Structure formats: C-alpha cells, structure tokens
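Visitor: Pasting a structure below so you can have a look.
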Number of protein chains: 2
Amino acid sequence: MGSLLPKALQSLVDELAGLPGVGPRTAERYAYFIFKSRPDVARRLADSIGTLHDGVKLCPKTFALIDSHQAVSELYSDSNRDKKVIAVVEDPLDVIAIEKAKQFSGTYHVLGGVISPIDGVGPEQLRINELLRRIEEDDVQEIILATNASVEGETTSLYVQQQINEVGLTPTISRLARGLPVGVDLEYADHITLKHALEGRKTL
Amino acid sequence: MGSLLPKALQSLVDELAGLPGVGPRTAERYAYFIFKSRPDVARRLADSIGTLHDGVKLCPKTFALIDSHQAVSELYSDSNRDKKVIAVVEDPLDVIAIEKAKQFSGTYHVLGGVISPIDGVGPEQLRINELLRRIEEDDVQEIILATNASVEGETTSLYVQQQINEVGLTPTISRLARGLPVGVDLEYADHITLKHALEGRKTL
C-alpha cells in the first residue's frame, strides 16, 4: 500500500517538511490539523500562501519587506527616521526584532544573509555595494553592524567594515554590544558570552 | 504604519500561528521562508493545502485517513489483517505510529479524540457506538485500548471498556503496556512511569 498516509496528505506533509526546523512528524501534525480544520480555513491559508509573492516585495533602498504597492519602506521614507544612521542586519525579520525594541530611530540596510563558505554564500551575494552607495548618497554618519553573534555574523561585519574603509567612506562604525542577556543566570551563560560581558564591563 | 510586516505577510503569519505549537515568531520564520522560496514552490504548497479536503476522507469503518476515491481503508480491507482484533486509538496519526512499529496485524478503530470536559469533549462526540457495532458485526475477539498515557486517555479507555461490557459484548480487552521507554535513563523517568514500570515488572 506504499505510504501509510493518503496521497493528498502525504504530499502536503512532504511540502511542509521543507519549512525550517520542521521534521516529518511535525509536518504530519500540521497536515492533519489542516485536514481537521474547516475547508474554508484551509482555503484561506492556501490563498495567503498563493498570493504571498504578489503582495510582498523588498524595498529597493533598505531591502526590508514592504507591500508590493509601496515604492520604498516607511522605515526609510518616514521623515522622523534619521537616514544618516543605518543598522545593518542579515535578514528582514531582524528589522522587525529591532523595531519591536522601540529604541532605534535610524533606518536599516538588510544584507540578505551572511558570508558562509559552507553554504556557498560569498560577499558578492550580499547587498554590500548597495550599502556603500547609500552611505555616499545619504551622507551616512553612523553604521551599526547588527549581524548575529555567530562566527558568520562576525565575519560578515568585519568584511563590511573593511569594505567601507577601503572605498574611503568614514562613517562611525559600531557593533551591537555583547554581554549577558536579561533573565539568564550567570551560571548558565556560555563562556564566550561571559568573555564578552567581562570585556565590555562598565565602570559604575 | 500599523503592523511592521507587509499586509500579505502578516495575514499569512496570522494563519500559520493557528497551527498546533506554532507561536508568532515561528509563524514569522515560516512565512518569511515561504516568501524566500521560489513562487512555484509556494504555489505547490498552496495547492496541496487547497486540495487537501478533496483528496482525503475518513474510512467509514475504521475512521482512519484514506484517499477520497477509496471505499474503505486498506488496513481493513486487506485480507491479511485480522478483523477480529481491533486497536482503539485517539487520532488517525496514532494508526500511522502503530503501523510503523510493524508489530500489529489486526485492524483499527479511531475514536476521533478523548473525553476531555475542559475542551468540551464528551463521550457522545467520540465514535464509541460505531466501535460497539463493529465488535458485534465482525465478531471481534480482542480490543486493544491504545489511547495515550494521559489522564484523558486513561479515562476514555475506561469509559470504552465500560460501554463494551454494558452492552453485553465480551471481547478480551487489553491496554498498551506502561513502563520505561527504550533509551530513557531510569533517573530521568517521571515517577508515574516508574510506578507503572514497577507494577508491570516481569519475572525472568
């Protein structure tokens, strides 16, 4: 009898198992949940997925996610945002994370990934030239390198910094602080985080 | 600017956050992953979801999941399966789990849930009458109560057992063994599991 699941369900399980962090068991649970939902609920989900690419695009300035009918991200066009300060992030969702902190009034530049030879991603696949152009055009004064605290994130930040210097641009360049996250006990912190927390200690 | 995400993406995030165990952050990751996929990949996923209800139905005998064009589950119609032995399970996915163990040659009956007053599920919503009818029609000799090892699962098994006895049917009724799962260290087992493991100990 081949697969134990009906064909239509098995093919949905296979598609869902392609989502990040979703294994076959989780995909089965999702698929069965959708089957148990009313057909119009499933139809709405299907429509949302089917129309996603028509409704969303990347901002040509910041490369953040915007509505298809928008010309440029409101995070850039908003006159309250300081265009002379740019937070450089890996992915569009990092923009959302920083915005939620409500602490940043500059604008963004999404690199679209990190340098990762293992995954075959080199610097030429990232939007570094677009960043250099913006720094020049908008007379940017400060660049905050807000890549993740991973080896790839650090490498990418270093590379971006070198490129900025190489073309003779001179904005202030900073990196997000490393240290103990709120709510994590010192005894559970990994040693690299503790190293950063010690190095970055503040005199009171 | 309202939501930080483009409208089309936000509505997909909202739909995906309805999946079991998926919070808003995970839904965001899934939605962004789908956006990053090629449009035809997204389209295929959308189609799989949209056609799911047309392609899958419940077997009228076992209530397992079957292809829409099938009359009855092959787990029932297959002449190699012993119709006189029924494993009673909560959900169709439990059938898959037991089948994967390749240890059972009887057939199945899916109750469609468990008795759970908190969730407003009473015994009348489960397919207990259908089970009683099958026991009579197929002259079933053995019922294996294979509900989960939860309070609701135990309650439901007890209730099904009572109903079988009440209508005067006399199949052998058994319950799946409780004990230490393979690969779990004794020191990490919870005390109820240890209690079951002790009670069910086997003389060597």
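Identifiers for the structure tokens are assigned positionally: chains receive A, B, ... in sequence, residues are indexed from 1 per chain, and ligands are indexed from 1 in the order shown.
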Find the residues in chain A near chain B: any atom within 8 Å counts, using only C-alpha atoms. Write them as a PDB file with N, CA and C atoms, in the first residue's frame.
Guide:
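This went into selection_36.pdb:
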ATOM      1  N   MET A   1       0.811  -1.214   0.000  1.00  0.00           N
ATOM      2  CA  MET A   1       0.000   0.000   0.000  1.00  0.00           C
ATOM      3  C   MET A   1       0.851   1.274   0.000  1.00  0.00           C
ATOM      4  N   LEU A   4       1.702   5.192   4.211  1.00  0.00           N
ATOM      5  CA  LEU A   4       0.600   4.911   5.132  1.00  0.00           C
ATOM      6  C   LEU A   4      -0.428   6.027   5.105  1.00  0.00           C
ATOM      7  N   LEU A   5      -0.056   7.174   4.548  1.00  0.00           N
ATOM      8  CA  LEU A   5      -0.971   8.315   4.513  1.00  0.00           C
ATOM      9  C   LEU A   5      -1.639   8.410   3.144  1.00  0.00           C
ATOM     10  N   PRO A   6      -2.864   8.942   3.096  1.00  0.00           N
ATOM     11  CA  PRO A   6      -3.490   9.207   1.793  1.00  0.00           C
ATOM     12  C   PRO A   6      -2.578  10.118   0.970  1.00  0.00           C
ATOM     13  N   LYS A   7      -2.620   9.949  -0.346  1.00  0.00           N
ATOM     14  CA  LYS A   7      -1.692  10.656  -1.229  1.00  0.00           C
ATOM     15  C   LYS A   7      -1.704  12.168  -1.003  1.00  0.00           C
ATOM     16  N   ALA A   8      -2.901  12.748  -0.945  1.00  0.00           N
ATOM     17  CA  ALA A   8      -3.014  14.204  -0.810  1.00  0.00           C
ATOM     18  C   ALA A   8      -2.389  14.680   0.497  1.00  0.00           C
ATOM     19  N   LEU A   9      -2.536  13.866   1.540  1.00  0.00           N
ATOM     20  CA  LEU A   9      -1.975  14.242   2.834  1.00  0.00           C
ATOM     21  C   LEU A   9      -0.456  14.078   2.806  1.00  0.00           C
ATOM     22  N   SER A  11       1.533  14.320   0.289  1.00  0.00           N
ATOM     23  CA  SER A  11       2.236  15.343  -0.487  1.00  0.00           C
ATOM     24  C   SER A  11       2.278  16.662   0.293  1.00  0.00           C
ATOM     25  N   LEU A  12       1.241  16.936   1.068  1.00  0.00           N
ATOM     26  CA  LEU A  12       1.287  18.131   1.919  1.00  0.00           C
ATOM     27  C   LEU A  12       2.352  17.982   3.005  1.00  0.00           C
ATOM     28  N   GLU A  15       5.678  18.744   1.536  1.00  0.00           N
ATOM     29  CA  GLU A  15       5.893  20.188   1.338  1.00  0.00           C
ATOM     30  C   GLU A  15       6.201  20.864   2.682  1.00  0.00           C
ATOM     31  N   LEU A  16       5.402  20.539   3.695  1.00  0.00           N
ATOM     32  CA  LEU A  16       5.565  21.196   4.994  1.00  0.00           C
ATOM     33  C   LEU A  16       6.897  20.838   5.641  1.00  0.00           C
ATOM     34  N   LEU A  19       9.788  23.299   5.515  1.00  0.00           N
ATOM     35  CA  LEU A  19       9.871  24.522   6.336  1.00  0.00           C
ATOM     36  C   LEU A  19      11.022  24.399   7.326  1.00  0.00           C
ATOM     37  N   PRO A  20      11.625  25.530   7.731  1.00  0.00           N
ATOM     38  CA  PRO A  20      12.803  25.462   8.607  1.00  0.00           C
ATOM     39  C   PRO A  20      12.460  24.843   9.964  1.00  0.00           C
ATOM     40  N   GLU A  28       3.497  16.047   9.742  1.00  0.00           N
ATOM     41  CA  GLU A  28       2.278  15.226   9.832  1.00  0.00           C
ATOM     42  C   GLU A  28       1.238  15.880  10.729  1.00  0.00           C
ATOM     43  N   ARG A  29       1.693  16.397  11.872  1.00  0.00           N
ATOM     44  CA  ARG A  29       0.758  17.041  12.803  1.00  0.00           C
ATOM     45  C   ARG A  29       0.114  18.264  12.163  1.00  0.00           C
ATOM     46  N   TYR A  30       0.940  19.089  11.485  1.00  0.00           N
ATOM     47  CA  TYR A  30       0.407  20.281  10.820  1.00  0.00           C
ATOM     48  C   TYR A  30      -0.620  19.880   9.760  1.00  0.00           C
ATOM     49  N   TYR A  32      -2.354  17.137   9.390  1.00  0.00           N
ATOM     50  CA  TYR A  32      -3.583  16.574   9.949  1.00  0.00           C
ATOM     51  C   TYR A  32      -4.437  17.677  10.575  1.00  0.00           C
ATOM     52  N   PHE A  33      -3.776  18.634  11.212  1.00  0.00           N
ATOM     53  CA  PHE A  33      -4.506  19.773  11.788  1.00  0.00           C
ATOM     54  C   PHE A  33      -5.254  20.540  10.692  1.00  0.00           C
ATOM     55  N   ILE A  34      -4.584  20.749   9.572  1.00  0.00           N
ATOM     56  CA  ILE A  34      -5.224  21.463   8.464  1.00  0.00           C
ATOM     57  C   ILE A  34      -6.399  20.642   7.928  1.00  0.00           C
ATOM     58  N   PHE A  35      -6.205  19.321   7.861  1.00  0.00           N
ATOM     59  CA  PHE A  35      -7.310  18.453   7.403  1.00  0.00           C
ATOM     60  C   PHE A  35      -8.501  18.545   8.355  1.00  0.00           C
ATOM     61  N   PRO A  39     -12.889  23.339   5.696  1.00  0.00           N
ATOM     62  CA  PRO A  39     -12.297  23.562   4.371  1.00  0.00           C
ATOM     63  C   PRO A  39     -12.050  25.040   4.064  1.00  0.00           C
ATOM     64  N   ALA A  42      -8.741  26.115   5.606  1.00  0.00           N
ATOM     65  CA  ALA A  42      -7.633  25.613   4.790  1.00  0.00           C
ATOM     66  C   ALA A  42      -7.507  26.440   3.508  1.00  0.00           C
ATOM     67  N   ARG A  43      -8.638  26.769   2.925  1.00  0.00           N
ATOM     68  CA  ARG A  43      -8.656  27.569   1.699  1.00  0.00           C
ATOM     69  C   ARG A  43      -8.027  28.934   1.944  1.00  0.00           C
ATOM     70  N   ARG A  44      -8.326  29.541   3.103  1.00  0.00           N
ATOM     71  CA  ARG A  44      -7.767  30.855   3.420  1.00  0.00           C
ATOM     72  C   ARG A  44      -6.248  30.769   3.563  1.00  0.00           C
ATOM     73  N   LEU A  45      -5.774  29.719   4.233  1.00  0.00           N
ATOM     74  CA  LEU A  45      -4.326  29.520   4.370  1.00  0.00           C
ATOM     75  C   LEU A  45      -3.680  29.327   3.001  1.00  0.00           C
ATOM     76  N   ALA A  46      -4.332  28.508   2.174  1.00  0.00           N
ATOM     77  CA  ALA A  46      -3.809  28.268   0.822  1.00  0.00           C
ATOM     78  C   ALA A  46      -3.727  29.577   0.035  1.00  0.00           C
ATOM     79  N   ASP A  47      -4.762  30.403   0.147  1.00  0.00           N
ATOM     80  CA  ASP A  47      -4.774  31.681  -0.565  1.00  0.00           C
ATOM     81  C   ASP A  47      -3.666  32.607  -0.064  1.00  0.00           C
ATOM     82  N   SER A  48      -3.480  32.647   1.260  1.00  0.00           N
ATOM     83  CA  SER A  48      -2.432  33.511   1.824  1.00  0.00           C
ATOM     84  C   SER A  48      -1.065  33.121   1.274  1.00  0.00           C
ATOM     85  N   ILE A  49      -0.833  31.818   1.165  1.00  0.00           N
ATOM     86  CA  ILE A  49       0.454  31.351   0.639  1.00  0.00           C
ATOM     87  C   ILE A  49       0.549  31.647  -0.857  1.00  0.00           C
ATOM     88  N   GLY A  50      -0.547  31.377  -1.561  1.00  0.00           N
ATOM     89  CA  GLY A  50      -0.539  31.543  -3.010  1.00  0.00           C
ATOM     90  C   GLY A  50      -0.372  32.983  -3.466  1.00  0.00           C
ATOM     91  N   THR A  51      -0.845  33.927  -2.656  1.00  0.00           N
ATOM     92  CA  THR A  51      -0.781  35.327  -3.067  1.00  0.00           C
ATOM     93  C   THR A  51       0.394  36.071  -2.432  1.00  0.00           C
ATOM     94  N   LEU A  52       1.192  35.340  -1.616  1.00  0.00           N
ATOM     95  CA  LEU A  52       2.267  35.993  -0.864  1.00  0.00           C
ATOM     96  C   LEU A  52       3.243  36.739  -1.770  1.00  0.00           C
ATOM     97  N   HIS A  53       3.685  36.061  -2.815  1.00  0.00           N
ATOM     98  CA  HIS A  53       4.703  36.679  -3.673  1.00  0.00           C
ATOM     99  C   HIS A  53       4.172  37.887  -4.446  1.00  0.00           C
ATOM    100  N   GLY A  55       2.026  39.986  -3.092  1.00  0.00           N
ATOM    101  CA  GLY A  55       1.716  41.051  -2.141  1.00  0.00           C
ATOM    102  C   GLY A  55       2.913  41.651  -1.433  1.00  0.00           C
ATOM    103  N   VAL A  56       4.057  40.970  -1.542  1.00  0.00           N
ATOM    104  CA  VAL A  56       5.232  41.386  -0.777  1.00  0.00           C
ATOM    105  C   VAL A  56       6.429  41.543  -1.713  1.00  0.00           C
ATOM    106  N   LEU A  65      11.156  44.125   4.011  1.00  0.00           N
ATOM    107  CA  LEU A  65       9.940  43.654   3.346  1.00  0.00           C
ATOM    108  C   LEU A  65       8.900  44.770   3.302  1.00  0.00           C
ATOM    109  N   ILE A  66       8.309  44.991   2.137  1.00  0.00           N
ATOM    110  CA  ILE A  66       7.253  46.002   2.021  1.00  0.00           C
ATOM    111  C   ILE A  66       6.098  45.476   1.181  1.00  0.00           C
ATOM    112  N   ASP A  67       4.957  46.166   1.275  1.00  0.00           N
ATOM    113  CA  ASP A  67       3.814  45.850   0.422  1.00  0.00           C
ATOM    114  C   ASP A  67       4.199  46.108  -1.034  1.00  0.00           C
ATOM    115  N   GLU A  74       8.547  52.408   4.692  1.00  0.00           N
ATOM    116  CA  GLU A  74       8.250  53.554   5.556  1.00  0.00           C
ATOM    117  C   GLU A  74       9.340  53.755   6.596  1.00  0.00           C
ATOM    118  N   LEU A  93      13.633  39.907   8.941  1.00  0.00           N
ATOM    119  CA  LEU A  93      12.985  39.711  10.245  1.00  0.00           C
ATOM    120  C   LEU A  93      13.793  40.355  11.371  1.00  0.00           C
ATOM    121  N   ILE A  96      12.343  43.707  12.071  1.00  0.00           N
ATOM    122  CA  ILE A  96      11.161  43.642  12.937  1.00  0.00           C
ATOM    123  C   ILE A  96      11.598  43.537  14.394  1.00  0.00           C
ATOM    124  N   GLU A  99      12.872  46.882  15.566  1.00  0.00           N
ATOM    125  CA  GLU A  99      11.763  47.825  15.664  1.00  0.00           C
ATOM    126  C   GLU A  99      10.932  47.592  16.922  1.00  0.00           C
TER     127      GLU A  99
END
Visitor: Neighbours of segment 178-186 of chain A within 8 Å (only C-alpha atoms; same-chain residues fewer than 2 positions away dropped), as a ChimeraX atom specification?
Guide: /A:149,176,188-189,193-194,196-198,200
Visitor: Those same residues - N, CA and C atoms - I'd like them written as a CSV table (one decimal), in the first residue's frame.
Guide:
chain,number,residue,atom,x,y,z
A,149,ALA,N,25.4,37.2,16.5
A,149,ALA,CA,26.6,37.0,17.3
A,149,ALA,C,27.1,35.6,17.0
A,176,LEU,N,26.8,45.9,17.8
A,176,LEU,CA,25.9,45.7,18.9
A,176,LEU,C,26.7,45.2,20.1
A,188,TYR,N,24.5,29.9,33.8
A,188,TYR,CA,24.1,29.2,32.6
A,188,TYR,C,24.7,29.8,31.3
A,189,ALA,N,25.3,31.0,31.5
A,189,ALA,CA,25.8,31.6,30.3
A,189,ALA,C,27.0,30.9,29.7
A,193,THR,N,30.0,34.3,25.8
A,193,THR,CA,29.2,35.4,26.3
A,193,THR,C,29.8,36.0,27.5
A,194,LEU,N,30.3,35.1,28.4
A,194,LEU,CA,30.9,35.7,29.7
A,194,LEU,C,32.1,36.5,29.3
A,196,HIS,N,32.7,38.2,26.6
A,196,HIS,CA,32.2,39.4,26.1
A,196,HIS,C,31.7,40.3,27.2
A,197,ALA,N,31.0,39.7,28.2
A,197,ALA,CA,30.4,40.5,29.3
A,197,ALA,C,31.5,41.1,30.1
A,198,LEU,N,32.6,40.4,30.3
A,198,LEU,CA,33.8,40.9,31.1
A,198,LEU,C,34.5,42.0,30.3
A,200,GLY,N,33.4,43.9,28.1
A,200,GLY,CA,32.6,45.1,27.9
A,200,GLY,C,32.1,45.7,29.2
Visitor: When you look at Asp82 of chain B with a cut-off of 10 Å (counting only C-alpha atoms), what residues show up, excluding the ones that are within fewer than 3 positions of it in the same chain? I need them as JSON, numbers by chain.
Guide: {"B": [75, 76, 77, 78, 79, 85, 86, 104, 105, 106, 107, 140]}
Visitor: Write out as a PyMOL selection string the set of residues from segment 2-182 of chain A that DSSP, computed on the backbone, places in alpha helix (DSSP H).
Guide: chain A and resi 7-16+24-36+39-50+52-55+74-77+92-100+128-137+151-166
Visitor: What does the file look like for those residues with C-alpha atoms, as a compact mmCIF listing (two decimals), in the first residue's frame?
Guide:
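Once everything was written out, this is selection.txt:
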# COMPACT_ATOMS: atom_id res chain seq x y z
CA LYS A 7 -1.69 10.66 -1.23
CA ALA A 8 -3.01 14.20 -0.81
CA LEU A 9 -1.97 14.24 2.83
CA GLN A 10 1.44 12.73 2.14
CA SER A 11 2.24 15.34 -0.49
CA LEU A 12 1.29 18.13 1.92
CA VAL A 13 3.47 16.53 4.60
CA ASP A 14 6.38 16.49 2.13
CA GLU A 15 5.89 20.19 1.34
CA LEU A 16 5.57 21.20 4.99
CA PRO A 24 8.32 14.68 9.20
CA ARG A 25 6.44 14.16 12.48
CA THR A 26 5.74 17.85 12.95
CA ALA A 27 4.74 18.09 9.27
CA GLU A 28 2.28 15.23 9.83
CA ARG A 29 0.76 17.04 12.80
CA TYR A 30 0.41 20.28 10.82
CA ALA A 31 -1.11 18.48 7.82
CA TYR A 32 -3.58 16.57 9.95
CA PHE A 33 -4.51 19.77 11.79
CA ILE A 34 -5.22 21.46 8.46
CA PHE A 35 -7.31 18.45 7.40
CA LYS A 36 -9.31 18.69 10.64
CA PRO A 39 -12.30 23.56 4.37
CA ASP A 40 -12.69 27.36 4.24
CA VAL A 41 -9.96 27.79 6.87
CA ALA A 42 -7.63 25.61 4.79
CA ARG A 43 -8.66 27.57 1.70
CA ARG A 44 -7.77 30.86 3.42
CA LEU A 45 -4.33 29.52 4.37
CA ALA A 46 -3.81 28.27 0.82
CA ASP A 47 -4.77 31.68 -0.57
CA SER A 48 -2.43 33.51 1.82
CA ILE A 49 0.45 31.35 0.64
CA GLY A 50 -0.54 31.54 -3.01
CA LEU A 52 2.27 35.99 -0.86
CA HIS A 53 4.70 36.68 -3.67
CA ASP A 54 2.29 39.08 -5.34
CA GLY A 55 1.72 41.05 -2.14
CA GLU A 74 8.25 53.55 5.56
CA LEU A 75 11.26 52.85 7.73
CA TYR A 76 13.13 54.88 5.15
CA SER A 77 10.56 57.36 3.83
CA PRO A 92 14.32 41.31 7.04
CA LEU A 93 12.98 39.71 10.25
CA ASP A 94 15.91 41.26 12.14
CA VAL A 95 14.42 44.65 11.23
CA ILE A 96 11.16 43.64 12.94
CA ALA A 97 13.07 42.48 16.03
CA ILE A 98 14.91 45.79 16.38
CA GLU A 99 11.76 47.83 15.66
CA LYS A 100 9.94 45.98 18.45
CA ILE A 128 27.24 45.36 0.30
CA ASN A 129 27.67 47.57 -2.79
CA GLU A 130 24.15 48.87 -2.26
CA LEU A 131 25.14 49.79 1.29
CA LEU A 132 28.28 51.62 0.15
CA ARG A 133 26.18 53.57 -2.37
CA ARG A 134 23.66 54.54 0.33
CA ILE A 135 26.40 55.70 2.70
CA GLU A 136 27.61 58.04 -0.02
CA GLU A 137 24.23 59.21 -1.35
CA VAL A 151 31.00 33.27 13.54
CA GLU A 152 29.39 34.10 10.18
CA GLY A 153 27.80 37.25 11.61
CA GLU A 154 31.15 38.46 12.97
CA THR A 155 32.96 37.64 9.74
CA THR A 156 30.37 39.49 7.71
CA SER A 157 30.52 42.55 9.96
CA LEU A 158 34.28 42.61 9.71
CA TYR A 159 34.09 42.34 5.92
CA VAL A 160 31.51 45.14 5.63
CA GLN A 161 33.68 47.35 7.86
CA GLN A 162 36.73 46.69 5.68
CA GLN A 163 34.78 47.49 2.51
CA ILE A 164 33.54 50.78 3.94
CA ASN A 165 37.08 51.80 4.86
CA GLU A 166 38.50 50.59 1.58
Visitor: Report as a list of chain:residue names: the residues of segment 37-118 of chain B with a DSSP assignment of strand (DSSP E), based on the backbone of this structure.
Guide: B:Val56, B:Lys57, B:Leu58, B:Leu65, B:Ile66, B:Asp67, B:Asp82, B:Lys83, B:Lys84, B:Val85, B:Ile86, B:Ala87, B:Val88, B:Val89, B:Gly106, B:Thr107, B:Tyr108, B:His109, B:Val110
Visitor: Grab the residues selected above and save them as a JSON list (two decimals), in the first residue's frame with N, CA and C atoms.
Guide:
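As a result, out37.json now contains:
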[["chain", "number", "residue", "atom", "x", "y", "z"],
["B", 56, "VAL", "N", -8.74, 13.71, 0.70],
["B", 56, "VAL", "CA", -8.66, 12.86, 1.88],
["B", 56, "VAL", "C", -10.02, 12.74, 2.55],
["B", 57, "LYS", "N", -10.35, 11.57, 3.03],
["B", 57, "LYS", "CA", -11.57, 11.43, 3.85],
["B", 57, "LYS", "C", -11.32, 10.38, 4.92],
["B", 58, "LEU", "N", -12.30, 10.19, 5.77],
["B", 58, "LEU", "CA", -12.17, 9.19, 6.82],
["B", 58, "LEU", "C", -12.81, 7.89, 6.35],
["B", 65, "LEU", "N", -7.49, 7.74, 8.01],
["B", 65, "LEU", "CA", -7.48, 8.61, 6.84],
["B", 65, "LEU", "C", -7.30, 7.77, 5.58],
["B", 66, "ILE", "N", -8.11, 8.03, 4.57],
["B", 66, "ILE", "CA", -7.96, 7.32, 3.30],
["B", 66, "ILE", "C", -8.10, 8.30, 2.13],
["B", 67, "ASP", "N", -7.65, 7.84, 0.95],
["B", 67, "ASP", "CA", -7.86, 8.61, -0.27],
["B", 67, "ASP", "C", -9.36, 8.73, -0.54],
["B", 82, "ASP", "N", -6.27, -9.14, 10.54],
["B", 82, "ASP", "CA", -7.24, -9.87, 11.35],
["B", 82, "ASP", "C", -8.32, -8.91, 11.85],
["B", 83, "LYS", "N", -9.50, -9.02, 11.26],
["B", 83, "LYS", "CA", -10.59, -8.12, 11.62],
["B", 83, "LYS", "C", -11.14, -8.39, 13.02],
["B", 84, "LYS", "N", -10.73, -9.50, 13.61],
["B", 84, "LYS", "CA", -11.25, -9.84, 14.94],
["B", 84, "LYS", "C", -10.42, -9.22, 16.07],
["B", 85, "VAL", "N", -9.37, -8.48, 15.67],
["B", 85, "VAL", "CA", -8.55, -7.77, 16.66],
["B", 85, "VAL", "C", -8.53, -6.29, 16.29],
["B", 86, "ILE", "N", -8.97, -5.45, 17.20],
["B", 86, "ILE", "CA", -9.04, -4.01, 16.90],
["B", 86, "ILE", "C", -8.21, -3.22, 17.91],
["B", 87, "ALA", "N", -7.31, -2.39, 17.40],
["B", 87, "ALA", "CA", -6.62, -1.43, 18.25],
["B", 87, "ALA", "C", -7.43, -0.13, 18.23],
["B", 88, "VAL", "N", -7.84, 0.32, 19.40],
["B", 88, "VAL", "CA", -8.65, 1.53, 19.51],
["B", 88, "VAL", "C", -7.72, 2.69, 19.82],
["B", 89, "VAL", "N", -7.67, 3.69, 18.92],
["B", 89, "VAL", "CA", -6.75, 4.82, 19.10],
["B", 89, "VAL", "C", -7.52, 6.14, 19.09],
["B", 106, "GLY", "N", -3.73, -6.73, 13.30],
["B", 106, "GLY", "CA", -5.18, -6.57, 13.40],
["B", 106, "GLY", "C", -5.61, -5.33, 12.63],
["B", 107, "THR", "N", -6.74, -4.77, 13.00],
["B", 107, "THR", "CA", -7.17, -3.55, 12.34],
["B", 107, "THR", "C", -7.43, -2.46, 13.41],
["B", 108, "TYR", "N", -7.98, -1.33, 12.97],
["B", 108, "TYR", "CA", -8.02, -0.18, 13.87],
["B", 108, "TYR", "C", -9.42, 0.39, 14.03],
["B", 109, "HIS", "N", -9.59, 1.15, 15.10],
["B", 109, "HIS", "CA", -10.78, 2.00, 15.22],
["B", 109, "HIS", "C", -10.33, 3.34, 15.83],
["B", 110, "VAL", "N", -10.53, 4.40, 15.07],
["B", 110, "VAL", "CA", -10.13, 5.73, 15.53],
["B", 110, "VAL", "C", -11.31, 6.40, 16.23]]
Visitor: Quick one: everything within 10 Å of Gln125 of chain A, counting only C-alpha atoms, minus sequence neighbours fewer than 5 positions away in the same chain. Send it as a ChimeraX atom specification.
Guide: /A:111-115,120
Visitor: If chain A is superposed onto chain B by least squares using every Cα atom in order, what is the RMSD, in Å to one decimal?
Guide: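 My reading of the C-alpha RMSD is 0.1 Å.
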Visitor: Could you please determine the separation between atom CA of Thr172 of chain A and atom CA of Thr62 of chain A in Å, to one decimal place?
Guide: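 Computed distance, atom CA of Thr172 of chain A to atom CA of Thr62 of chain A, equals 19.0 Å.
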Visitor: In Å, with one decimal, what is the gap from atom CA of Lys195 of chain B to atom CA of Ile144 of chain B?
Guide: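 If I compute the distance from atom CA of Lys195 of chain B to atom CA of Ile144 of chain B, I get 21.5 Å.
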